[in-house]
$ cat final.csv   # CSV, C-alpha atoms
chain,number,residue,atom,x,y,z
A,1,MET,CA,221.8,188.2,21.9
A,2,THR,CA,223.6,190.8,19.8
A,3,SER,CA,221.3,192.7,17.4
A,4,TYR,CA,222.1,193.4,13.8
A,5,THR,CA,220.5,195.8,11.3
A,6,ASN,CA,218.1,194.1,8.8
A,7,LEU,CA,219.5,190.7,9.8
A,8,ARG,CA,218.1,188.1,12.2
A,9,LEU,CA,220.4,185.6,13.7
A,10,GLU,CA,219.4,182.3,15.4
A,11,LYS,CA,221.5,179.3,16.5
A,12,ASP,CA,220.5,175.7,16.1
A,13,GLY,CA,223.1,173.5,17.7
A,14,HIS,CA,226.3,174.1,15.7
A,15,THR,CA,224.5,175.9,13.0
A,16,ALA,CA,223.9,179.7,12.8
A,17,VAL,CA,220.8,180.7,10.8
A,18,LEU,CA,221.0,184.1,9.2
A,19,THR,CA,217.7,185.6,7.8
A,20,LEU,CA,217.9,188.6,5.6
A,21,ALA,CA,215.1,190.7,7.0
A,22,ASN,CA,214.5,194.0,5.3
A,23,PRO,CA,211.0,193.6,3.7
A,24,PRO,CA,209.5,193.7,1.3
A,25,ALA,CA,212.5,192.7,-0.9
A,26,ASN,CA,215.2,192.2,1.8
A,27,THR,CA,217.4,194.8,0.2
A,28,TRP,CA,220.8,195.7,1.5
A,29,THR,CA,221.5,198.9,3.4
A,30,ARG,CA,224.8,200.4,4.4
A,31,GLU,CA,224.1,199.4,8.1
A,32,GLY,CA,223.1,195.9,7.1
A,33,LEU,CA,226.3,195.4,5.2
A,34,VAL,CA,228.4,196.7,8.1
A,35,ASP,CA,226.5,194.4,10.4
A,36,LEU,CA,226.9,191.4,8.1
A,37,LYS,CA,230.7,191.8,8.3
A,38,ARG,CA,230.5,192.1,12.1
A,39,LEU,CA,228.1,189.1,12.4
A,40,VAL,CA,230.4,186.8,10.4
A,41,THR,CA,233.4,187.9,12.4
A,42,ASP,CA,231.4,187.2,15.6
A,43,LEU,CA,230.6,183.7,14.3
A,44,ASN,CA,234.2,183.0,13.4
A,45,ASN,CA,235.1,183.7,17.0
A,46,ASP,CA,232.4,181.3,18.3
A,47,ARG,CA,234.0,177.9,18.4
A,48,ASN,CA,230.6,176.2,18.8
A,49,ILE,CA,229.5,177.3,15.3
A,50,TYR,CA,230.5,175.0,12.4
A,51,SER,CA,228.0,176.1,9.7
A,52,LEU,CA,226.0,179.1,8.5
A,53,VAL,CA,222.7,179.0,6.7
A,54,VAL,CA,221.6,182.2,4.9
A,55,THR,CA,218.0,182.7,3.7
A,56,GLY,CA,215.5,185.5,3.1
A,57,GLU,CA,212.5,186.5,5.1
A,58,GLY,CA,209.1,185.8,3.5
A,59,GLU,CA,208.2,183.6,0.5
A,60,LYS,CA,209.1,185.9,-2.4
A,61,PHE,CA,212.6,187.3,-2.0
A,62,PHE,CA,215.9,185.9,-0.9
A,63,SER,CA,217.3,189.4,-1.6
A,64,ALA,CA,216.8,192.0,-4.4
A,65,GLY,CA,220.2,193.5,-3.7
A,66,ALA,CA,220.8,197.2,-3.2
A,67,ASP,CA,218.0,199.7,-3.1
A,68,LEU,CA,218.4,201.7,-6.3
A,69,LYS,CA,217.1,204.8,-4.7
A,70,LEU,CA,220.5,205.1,-3.1
A,71,PHE,CA,222.0,205.8,-6.6
A,72,ALA,CA,219.3,207.9,-8.2
A,73,ASP,CA,221.2,211.2,-7.8
A,74,GLY,CA,224.6,209.9,-9.0
A,75,ASP,CA,226.3,210.6,-5.7
A,76,LYS,CA,229.8,209.3,-6.3
A,77,ALA,CA,230.9,209.4,-2.6
A,78,LEU,CA,227.9,207.3,-1.6
A,79,ALA,CA,228.5,204.9,-4.5
A,80,LEU,CA,232.1,204.5,-3.5
A,81,GLU,CA,231.1,203.8,0.1
A,82,MET,CA,228.4,201.3,-0.8
A,83,ALA,CA,230.7,199.4,-3.2
A,84,ARG,CA,233.3,199.2,-0.4
A,85,ARG,CA,230.7,198.0,2.1
A,86,PHE,CA,229.4,195.4,-0.3
A,87,GLY,CA,232.9,194.1,-1.0
A,88,GLU,CA,234.0,194.0,2.6
A,89,ALA,CA,230.7,192.3,3.8
A,90,PHE,CA,230.6,189.6,1.1
A,91,GLU,CA,234.4,188.9,1.2
A,92,THR,CA,234.1,188.4,4.9
A,93,LEU,CA,231.1,186.0,4.3
A,94,SER,CA,233.2,184.1,1.7
A,95,GLN,CA,236.0,183.7,4.3
A,96,PHE,CA,233.6,182.4,7.0
A,97,SER,CA,235.7,179.6,8.7
A,98,GLY,CA,232.9,177.0,8.5
A,99,VAL,CA,230.6,176.0,5.8
A,100,SER,CA,228.1,178.6,4.5
A,101,ILE,CA,224.9,177.5,2.7
A,102,ALA,CA,222.6,179.9,0.8
A,103,ALA,CA,219.0,178.8,1.0
A,104,ILE,CA,217.6,180.7,-2.0
A,105,ASN,CA,213.9,181.0,-1.2
A,106,GLY,CA,212.9,183.4,-3.9
A,107,TYR,CA,214.3,186.1,-6.2
A,108,ALA,CA,218.0,186.6,-5.8
A,109,MET,CA,218.9,189.7,-7.8
A,110,GLY,CA,222.1,191.8,-8.0
A,111,GLY,CA,223.7,192.0,-4.6
A,112,GLY,CA,221.3,189.3,-3.4
A,113,LEU,CA,222.7,186.8,-5.9
A,114,GLU,CA,226.3,188.1,-5.0
A,115,CYS,CA,225.5,187.3,-1.4
A,116,ALA,CA,224.6,183.7,-2.4
A,117,LEU,CA,227.7,183.5,-4.6
A,118,SER,CA,229.8,184.3,-1.5
A,119,CYS,CA,228.5,181.2,0.2
A,120,ASP,CA,230.1,177.8,-0.2
A,121,ILE,CA,226.9,176.0,-1.3
A,122,ARG,CA,223.6,177.2,-2.9
A,123,ILE,CA,220.2,175.4,-2.6
A,124,ALA,CA,217.4,177.0,-4.5
A,125,GLU,CA,213.7,176.5,-4.3
A,126,ALA,CA,211.9,175.6,-7.6
A,127,GLN,CA,210.3,179.0,-8.0
A,128,ALA,CA,213.5,181.0,-7.4
A,129,GLN,CA,214.9,183.2,-10.1
A,130,MET,CA,218.4,184.6,-10.2
A,131,ALA,CA,220.0,187.5,-12.1
A,132,LEU,CA,222.7,190.2,-12.2
A,133,PRO,CA,220.8,193.0,-13.9
A,134,GLU,CA,223.0,195.9,-13.0
A,135,ALA,CA,224.0,196.8,-16.6
A,136,ALA,CA,220.3,197.5,-17.4
A,137,VAL,CA,220.5,200.5,-15.0
A,138,GLY,CA,223.9,201.7,-16.0
A,139,LEU,CA,225.8,199.9,-13.3
A,140,LEU,CA,227.8,196.6,-12.9
A,141,PRO,CA,228.0,193.9,-10.2
A,142,CYS,CA,230.6,195.3,-7.7
A,143,ALA,CA,230.4,192.7,-4.9
A,144,GLY,CA,232.2,189.8,-6.6
A,145,GLY,CA,229.6,188.9,-9.3
A,146,THR,CA,232.0,189.4,-12.3
A,147,GLN,CA,234.6,187.2,-10.6
A,148,LEU,CA,232.6,184.5,-8.8
A,149,LEU,CA,229.9,183.8,-11.3
A,150,PRO,CA,232.3,182.7,-14.1
A,151,LEU,CA,234.0,180.3,-11.7
A,152,LEU,CA,230.7,178.5,-11.2
A,153,VAL,CA,229.0,178.7,-14.6
A,154,GLY,CA,231.8,179.5,-17.1
A,155,GLU,CA,232.5,182.6,-19.1
A,156,GLY,CA,229.6,182.1,-21.6
A,157,TRP,CA,226.8,181.9,-19.1
A,158,ALA,CA,228.4,184.7,-17.0
A,159,LYS,CA,228.3,186.9,-20.0
A,160,ARG,CA,224.7,186.0,-20.8
A,161,MET,CA,223.7,186.9,-17.2
A,162,ILE,CA,225.8,190.0,-16.8
A,163,LEU,CA,226.2,191.4,-20.4
A,164,CYS,CA,222.7,190.4,-21.7
A,165,GLY,CA,220.9,190.6,-18.4
A,166,GLU,CA,219.5,187.1,-18.7
A,167,ARG,CA,217.5,185.9,-15.7
A,168,VAL,CA,217.7,182.2,-14.9
A,169,THR,CA,215.2,179.9,-13.3
A,170,ALA,CA,216.2,177.4,-10.6
A,171,GLU,CA,216.2,174.6,-13.1
A,172,THR,CA,218.6,176.4,-15.4
A,173,ALA,CA,220.7,177.5,-12.4
A,174,LEU,CA,221.1,173.8,-11.5
A,175,ARG,CA,222.0,172.8,-15.0
A,176,ILE,CA,224.7,175.4,-15.4
A,177,GLY,CA,226.2,174.9,-12.0
A,178,LEU,CA,225.0,178.1,-10.3
A,179,VAL,CA,223.3,176.1,-7.6
A,180,GLU,CA,224.0,172.6,-6.3
A,181,GLU,CA,220.4,171.5,-5.6
A,182,VAL,CA,216.8,172.5,-6.3
A,183,VAL,CA,214.0,171.7,-3.8
A,184,GLU,CA,210.3,172.4,-3.7
A,185,LYS,CA,208.9,175.7,-2.5
A,186,GLY,CA,209.4,176.3,1.2
A,187,GLN,CA,212.0,173.6,1.6
A,188,ALA,CA,215.3,175.4,1.0
A,189,LYS,CA,216.0,176.3,4.6
A,190,GLN,CA,215.2,172.8,5.9
A,191,ARG,CA,217.4,171.2,3.2
A,192,ALA,CA,220.2,173.6,4.1
A,193,LEU,CA,219.9,172.7,7.8
A,194,GLU,CA,220.0,169.0,6.9
A,195,LEU,CA,223.2,169.6,5.0
A,196,ALA,CA,224.6,171.7,7.9
A,197,LYS,CA,224.0,168.7,10.2
A,198,GLN,CA,226.4,166.7,8.0
A,199,VAL,CA,229.0,169.4,8.7
A,200,ASP,CA,228.7,168.6,12.4
A,201,LYS,CA,230.4,165.3,11.7
A,202,GLN,CA,233.4,166.9,10.2
A,203,SER,CA,236.4,168.3,12.1
A,204,PRO,CA,236.1,172.1,12.2
A,205,SER,CA,239.9,172.4,11.9
A,206,SER,CA,239.9,170.1,8.8
A,207,VAL,CA,237.0,172.0,7.2
A,208,ALA,CA,238.7,175.4,7.7
A,209,ALA,CA,242.0,174.2,6.2
A,210,SER,CA,240.3,172.4,3.3
A,211,LYS,CA,238.1,175.4,2.5
A,212,LYS,CA,241.2,177.6,2.4
A,213,LEU,CA,242.8,175.2,-0.1
A,214,ILE,CA,239.7,174.9,-2.3
A,215,GLN,CA,239.2,178.6,-2.5
A,216,GLY,CA,243.0,179.1,-3.0
A,217,ALA,CA,242.6,177.1,-6.3
A,218,ARG,CA,240.7,180.2,-7.7
A,219,HIS,CA,243.9,182.2,-7.7
A,220,GLN,CA,246.8,179.7,-7.9
A,221,PRO,CA,247.6,176.7,-10.2
A,222,PRO,CA,247.6,173.3,-8.6
A,223,MET,CA,251.4,173.0,-8.5
A,224,ALA,CA,251.5,176.2,-6.3
A,225,ASN,CA,249.0,174.9,-3.8
A,226,LEU,CA,250.1,171.3,-3.6
A,227,PRO,CA,253.0,172.1,-1.2
A,228,VAL,CA,250.6,174.2,0.9
A,229,GLU,CA,248.2,171.2,1.0
A,230,ARG,CA,250.8,169.1,2.6
A,231,GLU,CA,251.8,171.8,5.0
A,232,LEU,CA,248.2,172.2,6.2
A,233,PHE,CA,247.9,168.4,6.5
A,234,MET,CA,250.8,168.4,8.8
A,235,ASP,CA,249.5,171.4,10.8
A,236,LEU,CA,246.4,169.4,11.7
A,237,PHE,CA,248.6,167.1,13.8
A,238,SER,CA,249.0,170.0,16.2
A,239,THR,CA,245.3,170.1,16.8
A,240,GLN,CA,243.1,168.2,19.3
A,241,ASP,CA,240.7,167.5,16.4
A,242,GLN,CA,243.1,165.2,14.7
A,243,LYS,CA,243.7,163.1,17.7
A,244,GLU,CA,240.0,163.0,18.6
A,245,GLY,CA,238.9,162.2,15.0
A,246,VAL,CA,241.3,159.2,14.5
A,247,ASN,CA,240.7,157.7,17.9
A,248,ALA,CA,236.9,158.1,17.7
A,249,PHE,CA,237.0,156.2,14.4
A,250,LEU,CA,239.1,153.5,15.9
A,251,GLN,CA,236.9,153.3,19.0
A,252,LYS,CA,233.8,153.2,16.8
A,253,ARG,CA,232.2,156.3,18.5
A,254,SER,CA,231.2,159.8,17.4
A,255,ALA,CA,233.9,162.4,17.6
A,256,GLU,CA,233.6,165.3,20.0
A,257,TRP,CA,235.2,168.2,18.3
A,258,LYS,CA,237.1,170.9,20.2
A,259,ASN,CA,237.9,173.0,17.2
A,260,ALA,CA,241.5,173.5,18.4

$ encode --input "final.csv" --output "structure tokens"
Amino acid sequence: MTSYTNLRLEKDGHTAVLTLANPPANTWTREGLVDLKRLVTDLNNDRNIYSLVVTGEGEKFFSAGADLKLFADGDKALALEMARRFGEAFETLSQFSGVSIAAINGYAMGGGLECALSCDIRIAEAQAQMALPEAAVGLLPCAGGTQLLPLLVGEGWAKRMILCGERVTAETALRIGLVEEVVEKGQAKQRALELAKQVDKQSPSSVAASKKLIQGARHQPPMANLPVERELFMDLFSTQDQKEGVNAFLQKRSAEWKNA
């Protein structure tokens, strides 16, 4: 199996399980970010993978984000490269063709929370805490946090977390829409895998097209996307999935997706 820096990849049926593995806090390095982009690209080319679960190694951290030692001497060239690497990695994660689920098993801080924000769905364990604390050290979230967080929690809570540095508990995260579900300690990965199994029943072609439309709503008003919605609906009639899905339903059997 291909190796990736500070990342551990396993496959469980149609689900890829990605563990952020750079103890003690699962921080991001340049090499890890480069490899995350490569890993997601590899998964997009694997027609047998329908979903991706992302979690952190150990019981304390999902990910604490970037190692601040990288920015201690104010090296602008390094800062520029890291910002670019973060952006490329998490934008690629956001564009994963299947369904991505963040299993937040502990602290998700800075670039760690931005990684979770780049996933489609977030499940947090009860003890997890989340924050974008960059302004407290003279920085700002540069991997999508200022854009993705307001989409989920609204401008007010985004300002509380980014401008005031407010850290939120899993309970608060659920209440404000930052996560979709809270589970007991040690259960996030299992719950994410259960949800991923539900994705197995969905047509990969339909999921990819629907995800494109849902995320397109971030940038375009509904009237602009409605014609695209109809176009993508018709495009599905050129796939094997469409024929298989309808006939499997009519024949009262489980569909066998070809993702083509």

$ closest_residue --input "final.csv" --among "A:Leu174, A:Ala89, A:Leu113, A:Ala128" --to "Leu149 of chain A" --atoms "all atoms listed in the file"
A:Leu113

$ closest_residue --input "final.csv" --among "A:Tyr4, A:Asn225, A:Pro133, A:Pro204" --to "Cys164 of chain A" --atoms "all atoms listed in the file"
A:Pro133

$ residues_around --input "final.csv" --residues "Gly144 of chain A" --least-positions-apart "4" --cutoff "12 Å" --atoms "all atoms listed in the file" --output "PyMOL selection string"
chain A and resi 83-84+86-94+110-119+132+140+148-151

$ atom_distance --input "final.csv" --atom1 "atom CA of Gly165 of chain A" --atom2 "atom CA of Ala131 of chain A"
7.1 Å

$ residues_around --input "final.csv" --residues "Gln240 of chain A" --least-positions-apart "4" --cutoff "12 Å" --atoms "only C-alpha atoms" --output "PyMOL selection string"
chain A and resi 203-206+235-236+244-248+255-260

$ closest_residue --input "final.csv" --among "A:Leu39, A:Ala66, A:Val207, A:Ile49" --to "Ala143 of chain A" --atoms "all atoms listed in the file"
A:Ala66

$ residues_around --input "final.csv" --residues "Ala135 of chain A" --least-positions-apart "6" --cutoff "12 Å" --atoms "only C-alpha atoms" --output "MDAnalysis selection string"
chainID A and resid 110 141:142 146 159:166

$ closest_residue --input "final.csv" --among "A:Asp35, A:Ala103, A:Leu18, A:Thr5" --to "Gly186 of chain A" --atoms "all atoms listed in the file"
A:Ala103

$ atom_distance --input "final.csv" --atom1 "atom CA of Leu232 of chain A" --atom2 "atom CA of Gln215 of chain A"
14.1 Å

$ closest_residue --input "final.csv" --among "A:Asp46, A:Glu59, A:Asp120, A:Asp200" --to "Val99 of chain A" --atoms "only C-alpha atoms"
A:Asp120

$ closest_residue --input "final.csv" --among "A:His219, A:Ser51, A:Ser210, A:Arg175" --to "Gln198 of chain A" --atoms "only C-alpha atoms"
A:Ser51

$ atom_distance --input "final.csv" --atom1 "atom CA of Ala16 of chain A" --atom2 "atom CA of Met82 of chain A"
25.9 Å

$ build_atoms --input "final.csv" --residues "segment 112-123 of chain A" --atoms "all heavy atoms" --output "mmCIF file, in the frame of the given file"
data_model
loop_
_atom_site.group_PDB
_atom_site.id
_atom_site.type_symbol
_atom_site.label_atom_id
_atom_site.label_comp_id
_atom_site.auth_asym_id
_atom_site.auth_seq_id
_atom_site.Cartn_x
_atom_site.Cartn_y
_atom_site.Cartn_z
ATOM 1 N N GLY A 112 221.829 190.516 -4.070
ATOM 2 C CA GLY A 112 221.300 189.300 -3.400
ATOM 3 C C GLY A 112 221.906 188.064 -3.955
ATOM 4 O O GLY A 112 222.262 187.164 -3.189
ATOM 5 N N LEU A 113 222.076 188.000 -5.274
ATOM 6 C CA LEU A 113 222.700 186.800 -5.900
ATOM 7 C C LEU A 113 224.221 186.829 -5.474
ATOM 8 O O LEU A 113 224.794 185.767 -5.209
ATOM 9 C CB LEU A 113 222.597 186.837 -7.379
ATOM 10 C CG LEU A 113 223.267 185.658 -8.109
ATOM 11 C CD1 LEU A 113 222.803 184.316 -7.570
ATOM 12 C CD2 LEU A 113 223.021 185.746 -9.611
ATOM 13 N N GLU A 114 224.850 188.012 -5.416
ATOM 14 C CA GLU A 114 226.300 188.100 -5.000
ATOM 15 C C GLU A 114 226.452 187.570 -3.589
ATOM 16 O O GLU A 114 227.472 186.956 -3.274
ATOM 17 C CB GLU A 114 226.787 189.489 -5.180
ATOM 18 C CG GLU A 114 226.958 189.881 -6.645
ATOM 19 C CD GLU A 114 227.392 191.319 -6.817
ATOM 20 O OE1 GLU A 114 226.656 192.216 -6.349
ATOM 21 O OE2 GLU A 114 228.444 191.561 -7.420
ATOM 22 N N CYS A 115 225.467 187.801 -2.732
ATOM 23 C CA CYS A 115 225.500 187.300 -1.400
ATOM 24 C C CYS A 115 225.532 185.726 -1.444
ATOM 25 O O CYS A 115 226.336 185.066 -0.785
ATOM 26 C CB CYS A 115 224.325 187.745 -0.570
ATOM 27 S SG CYS A 115 224.190 187.035 1.084
ATOM 28 N N ALA A 116 224.644 185.164 -2.269
ATOM 29 C CA ALA A 116 224.600 183.700 -2.400
ATOM 30 C C ALA A 116 225.878 183.172 -3.039
ATOM 31 O O ALA A 116 226.357 182.094 -2.668
ATOM 32 C CB ALA A 116 223.387 183.305 -3.253
ATOM 33 N N LEU A 117 226.449 183.911 -3.989
ATOM 34 C CA LEU A 117 227.700 183.500 -4.600
ATOM 35 C C LEU A 117 228.843 183.457 -3.610
ATOM 36 O O LEU A 117 229.804 182.697 -3.775
ATOM 37 C CB LEU A 117 228.072 184.455 -5.756
ATOM 38 C CG LEU A 117 227.222 184.391 -7.026
ATOM 39 C CD1 LEU A 117 227.584 185.542 -7.960
ATOM 40 C CD2 LEU A 117 227.401 183.058 -7.739
ATOM 41 N N SER A 118 228.744 184.260 -2.564
ATOM 42 C CA SER A 118 229.800 184.300 -1.500
ATOM 43 C C SER A 118 229.710 183.142 -0.575
ATOM 44 O O SER A 118 230.626 182.946 0.229
ATOM 45 C CB SER A 118 229.709 185.630 -0.771
ATOM 46 O OG SER A 118 229.884 186.738 -1.643
ATOM 47 N N CYS A 119 228.612 182.386 -0.636
ATOM 48 C CA CYS A 119 228.500 181.200 0.200
ATOM 49 C C CYS A 119 229.139 180.000 -0.465
ATOM 50 O O CYS A 119 229.379 179.998 -1.672
ATOM 51 C CB CYS A 119 226.999 180.912 0.464
ATOM 52 S SG CYS A 119 226.169 182.169 1.484
ATOM 53 N N ASP A 120 229.396 178.968 0.313
ATOM 54 C CA ASP A 120 230.100 177.800 -0.200
ATOM 55 C C ASP A 120 229.138 176.928 -1.076
ATOM 56 O O ASP A 120 229.564 176.331 -2.068
ATOM 57 C CB ASP A 120 230.585 176.923 0.952
ATOM 58 C CG ASP A 120 231.611 177.662 1.790
ATOM 59 O OD1 ASP A 120 232.501 178.304 1.201
ATOM 60 O OD2 ASP A 120 231.521 177.605 3.027
ATOM 61 N N ILE A 121 227.866 176.861 -0.693
ATOM 62 C CA ILE A 121 226.900 176.000 -1.300
ATOM 63 C C ILE A 121 225.593 176.759 -1.507
ATOM 64 O O ILE A 121 225.227 177.554 -0.632
ATOM 65 C CB ILE A 121 226.659 174.714 -0.499
ATOM 66 C CG1 ILE A 121 227.967 173.924 -0.326
ATOM 67 C CG2 ILE A 121 225.579 173.824 -1.113
ATOM 68 C CD1 ILE A 121 227.905 172.860 0.757
ATOM 69 N N ARG A 122 224.879 176.494 -2.617
ATOM 70 C CA ARG A 122 223.600 177.200 -2.900
ATOM 71 C C ARG A 122 222.515 176.148 -3.142
ATOM 72 O O ARG A 122 222.670 175.272 -4.000
ATOM 73 C CB ARG A 122 223.738 178.100 -4.102
ATOM 74 C CG ARG A 122 224.489 179.399 -3.796
ATOM 75 C CD ARG A 122 225.201 179.941 -5.012
ATOM 76 N NE ARG A 122 226.243 179.022 -5.443
ATOM 77 C CZ ARG A 122 227.443 178.911 -4.851
ATOM 78 N NH1 ARG A 122 227.737 179.686 -3.840
ATOM 79 N NH2 ARG A 122 228.329 178.026 -5.278
ATOM 80 N N ILE A 123 221.425 176.258 -2.384
ATOM 81 C CA ILE A 123 220.200 175.400 -2.600
ATOM 82 C C ILE A 123 219.093 176.374 -2.951
ATOM 83 O O ILE A 123 218.813 177.325 -2.218
ATOM 84 C CB ILE A 123 219.893 174.623 -1.327
ATOM 85 C CG1 ILE A 123 221.039 173.662 -0.992
ATOM 86 C CG2 ILE A 123 218.577 173.864 -1.506
ATOM 87 C CD1 ILE A 123 220.888 172.968 0.335
#
